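Below is one structure, written out as structure tokens; the observations come after it.
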Amino acid sequence: MSVALESSLASLPPAAPVTSTSRSLARDLSMLIRPRIAVMVLATVATGMWLTDGGTASSAAFAAVLFGTGLVAASSSIANQVLEQHLDQLMQRTAHRPIAAGRMSSRMGQGLAAVTLVVGMGLLVTVSGWAALAALATWLIYVVAYTPLKRLTPLNTAVGAVSGAMPVVIGWLAADGPQRALAGELEGTLAAGALTTVLYLWQFPHFMAIAWLYRQQYAQAGMRMLTVDDPTGIRAGGQALSAALAMVPVSLLLAVPSSSPRLFLAEALASGIYVAATAHFAYRRDDLSARRLLMASLGTLAAVMIAVVAFGGPPADPLAVATTTGDHQQTQNTTAGVTVSAGNAVPQNNTAVVYEL
């Protein structure tokens with residue numbers, strides 16, 4: 001080895017430890033897929049399925065729907081960062097993202113977005129083609145419509161909120177919601193529809209709080225948020241409060257299919273607190289009230305989802321109840337020394353029974 005080559009090698013910085021590189025890669029992947037949003041998406045998909053079929057789906061089908069939806073959601077997040085990499089560089093809150101910061105190439109991001117979309121769609125197709133189409137529609141709304149609209153009109157929030165509410169529809173379709181509705185099982189469809197509407201309305205106060213806190217960065221990046229077009233915050237506060245108020249009766253509708261008074265009270269309390277936090281923000285329009293609204297929005301969503309799962313299950317299947325009751329009656333009769341079969345009473349010994357042909 002020549003002296004010049006040795007000197008060149010000696011001047012190079014030491015190689016980064018494998019563990020450090022692995023941590024950096026994991027951190028970048030986390031920024032790409034935004035796991036906290038993915039968890040919320042998966043929770044709403046699971047709740048939509050549960051409201052529709054009461055948890056009767058197989059474990060394999062349930063896992064395929066969740067994993068497939070999670071991959072599609074990850075793909076939309078990556079595609080969004082590919083399209084907005086130059087805008088992300090202009091905002092402090094997003095400048096550290098891997099594509100915007102140059103730690104990952106745009107081509108690699110495109111490849112990851114394509115692979116996760118195809119694999120996620122493939123998993124969903126194995127359970128329900130309609131659920132896969134709904135997931136694709138969600139991806140298109142978020143990436144093709146919402147992402148460019150942020151630079152064109154403040155109405156982008158209304159469009160983006162559609163994609164945020166669609167996971168419930170994915171869960172409903174994966175649990176054969178349309179077939180169940182046609183068969184007369186309307187409770188699950190009503191509950192899933194109410195939850196979809198709740199999630200749509202919930203996003204307006206949530207995103208208005210974010211838009212207020214980062215209004216200067218959005219303006220610097222040229223994004224047409226409502227808080228940018230109207231720096232006073234009056235329009236943002238009014239839109240947020242209108243959505244919060246509309247969410248109250250819809251959230252109460254969630255309790256109708258299950259006829260659960262506990263769910264009714266839980267939804268009334270959660271939506272009432274959300275209205276109060278939103279009204280405070282609409283009145284004050286400052287950073288403190290926006291942060292409080294942001295925290296209240298997360299607490300409200302968690303309370304709504306937990307209450308729905310805890311108290312809002314679909315009603316028991318009458319046929320299953322009748323079958324269970326009949327089995328219980330037969331057990332009682334057998335214990336008494338009589339087995340009821342086809343309407344005939346057959347005495348038998350309590351200790352042993354011998355069947356002969």
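Just remember, in the structure tokens the first chain shown is A, the second B, etc., residues are 1-based per chain, and ligands are 1-based in the order shown.
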Contacts between segment 231-236 of chain A and segment 252-312 of chain A, please, where a residue of segment 252-312 of chain A counts if it comes within 12 Å (with only C-alpha atoms); show its shortest atom pair and distance in Å to one decimal, rows by chain and ascending number, as a tab-separated table.
residue	atom	partner	partner_atom	distance
A:Thr278	CA	A:Ala236	CA	10.5
A:Ala279	CA	A:Ala236	CA	11.4
A:Phe281	CA	A:Gly233	CA	9.3
A:Ala282	CA	A:Ile234	CA	6.9
A:Tyr283	CA	A:Ile234	CA	8.4
A:Arg284	CA	A:Gly233	CA	9.3
A:Arg285	CA	A:Gly233	CA	6.1
A:Asp286	CA	A:Gly233	CA	8.8
A:Asp287	CA	A:Gly233	CA	11.1
A:Ser289	CA	A:Gly233	CA	12.0
A:Ala290	CA	A:Gly233	CA	10.7
Selection from above, C-alpha atoms, as a compact mmCIF listing (two decimals), in the first residue's frame, can you write it?
# COMPACT_ATOMS: atom_id res chain seq x y z
CA THR A 278 -62.52 24.85 21.13
CA ALA A 279 -64.66 27.77 22.31
CA PHE A 281 -59.45 28.90 21.53
CA ALA A 282 -61.99 30.66 19.29
CA TYR A 283 -62.29 33.41 21.90
CA ARG A 284 -58.65 33.82 22.94
CA ARG A 285 -56.83 32.87 19.71
CA ASP A 286 -53.40 32.62 21.30
CA ASP A 287 -50.72 29.96 21.55
CA SER A 289 -55.34 28.19 24.09
CA ALA A 290 -54.20 26.46 20.88
Within 9 Å of segment 179-185 of chain A, counting only C-alpha atoms, which residues show up once you throw out same-chain ones fewer than 3 positions away? Write them as an mmCIF file with C-alpha atoms, in the first residue's frame, please.
data_model
loop_
_atom_site.group_PDB
_atom_site.id
_atom_site.type_symbol
_atom_site.label_atom_id
_atom_site.label_comp_id
_atom_site.auth_asym_id
_atom_site.auth_seq_id
_atom_site.Cartn_x
_atom_site.Cartn_y
_atom_site.Cartn_z
ATOM 1 C CA THR A 52 -69.469 -4.105 12.339
ATOM 2 C CA ASP A 53 -68.813 -7.752 13.180
ATOM 3 C CA ALA A 175 -65.928 -6.815 8.069
ATOM 4 C CA ASP A 176 -68.507 -7.285 5.267
ATOM 5 C CA GLY A 188 -72.971 -1.874 12.753
ATOM 6 C CA THR A 189 -73.419 0.295 9.671
#
Which residue is closest to Met108 of chain A? Choose from A:Trp212, A:Val82, A:Thr69, A:Leu25 and count only C-alpha atoms.
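The shortest atom-to-atom distance to Met108 of chain A comes from A:Val82.
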Using only C-alpha atoms, which of the listed residues (A:Ala268, A:Met104, A:Leu152, A:Val72) sits closest to Val248 of chain A?
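Ranked by minimum distance to Val248 of chain A, first place goes to A:Ala268.
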What is the atom CA of Leu269 of chain A to atom CA of Met166 of chain A distance in Å?
24.8 Å
Write out as a PyMOL selection string which residues come within 10 Å of Pro35 of chain A when counting only C-alpha atoms, dropping same-chain ones fewer than 6 positions away.
chain A and resi 29+41+70+73-74
Residues just named, written with N, CA and C atoms as a PDB file, in the first residue's frame:
ATOM      1  N   LEU A  29     -36.679   6.195   9.359  1.00  0.00           N
ATOM      2  CA  LEU A  29     -37.873   5.453   8.950  1.00  0.00           C
ATOM      3  C   LEU A  29     -39.079   5.868   9.784  1.00  0.00           C
ATOM      4  N   VAL A  41     -54.553   5.516  12.911  1.00  0.00           N
ATOM      5  CA  VAL A  41     -55.231   4.926  11.755  1.00  0.00           C
ATOM      6  C   VAL A  41     -55.622   3.486  12.037  1.00  0.00           C
ATOM      7  N   GLY A  70     -51.820  -0.283   7.514  1.00  0.00           N
ATOM      8  CA  GLY A  70     -50.650   0.413   8.040  1.00  0.00           C
ATOM      9  C   GLY A  70     -49.617   0.691   6.956  1.00  0.00           C
ATOM     10  N   ALA A  73     -50.941   3.507   4.746  1.00  0.00           N
ATOM     11  CA  ALA A  73     -50.782   4.779   5.457  1.00  0.00           C
ATOM     12  C   ALA A  73     -49.320   5.232   5.441  1.00  0.00           C
ATOM     13  N   ALA A  74     -48.401   4.293   5.634  1.00  0.00           N
ATOM     14  CA  ALA A  74     -46.975   4.637   5.573  1.00  0.00           C
ATOM     15  C   ALA A  74     -46.604   5.141   4.190  1.00  0.00           C
TER      16      ALA A  74
END
If we count only C-alpha atoms, what is near segment 55-62 of chain A at a cut-off of 9 Å, once residues fewer than 4 positions away on the same chain are taken out, given as number ranges by chain?
A: 46, 49-51, 66-67, 124, 126-127, 174-175
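When atom CA of Pro249 of chain A is paired with atom CA of Ala209 of chain A, their separation reads 22.3 Å.
Our summary of the geometry notes that atom CA of Arg215 of chain A is positioned 5.9 Å from atom CA of Thr227 of chain A.
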Run DSSP on the backbone and tell me which residues of segment 73-253 of chain A come out as alpha helix (DSSP H); list them as a VMD selection string.
chain A and resid 73 to 83 85 to 88 106 to 125 129 to 140 147 to 149 156 to 174 177 to 182 187 to 213 215 to 221 226 to 229 234 to 253
Residue among A:Leu173, A:Ala95, A:Met225, A:Met121 lying closest to Gln81 of chain A, counting only C-alpha atoms
A:Ala95
For Asp28 of chain A: contacts at 12 Å, only C-alpha atoms, fewer than 4 positions along chain excluded, given as an mmCIF file with C-alpha atoms, in the first residue's frame:
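selection.cif, written as the output of this step:
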data_model
loop_
_atom_site.group_PDB
_atom_site.id
_atom_site.type_symbol
_atom_site.label_atom_id
_atom_site.label_comp_id
_atom_site.auth_asym_id
_atom_site.auth_seq_id
_atom_site.Cartn_x
_atom_site.Cartn_y
_atom_site.Cartn_z
ATOM 1 C CA THR A 21 -26.084 3.826 12.009
ATOM 2 C CA SER A 22 -28.919 1.466 12.833
ATOM 3 C CA ARG A 23 -30.423 3.965 15.249
ATOM 4 C CA SER A 24 -30.178 6.724 12.645
ATOM 5 C CA LEU A 32 -41.086 8.816 7.193
ATOM 6 C CA ILE A 33 -43.999 6.677 8.353
ATOM 7 C CA ARG A 34 -44.959 8.819 11.392
ATOM 8 C CA PRO A 35 -45.917 5.934 13.722
ATOM 9 C CA ILE A 78 -43.635 8.890 2.441
ATOM 10 C CA HIS A 96 -35.202 17.575 9.799
ATOM 11 C CA ARG A 97 -37.207 14.991 7.879
ATOM 12 C CA PRO A 98 -34.873 12.553 6.059
ATOM 13 C CA ILE A 99 -35.757 13.498 2.458
ATOM 14 C CA ALA A 100 -35.918 17.235 3.150
ATOM 15 C CA ALA A 101 -32.610 17.089 5.030
ATOM 16 C CA GLY A 102 -30.925 15.099 2.255
ATOM 17 C CA ARG A 103 -30.261 11.966 4.320
ATOM 18 C CA MET A 104 -32.443 9.993 1.907
ATOM 19 C CA GLY A 109 -38.463 7.640 -1.049
#
What's the 12 Å shell around Asn156 of chain A, counting only C-alpha atoms, without same-chain residues fewer than 4 positions away, as a ChimeraX atom specification?
/A:141-152,160-163,204,207-208,211,223-226
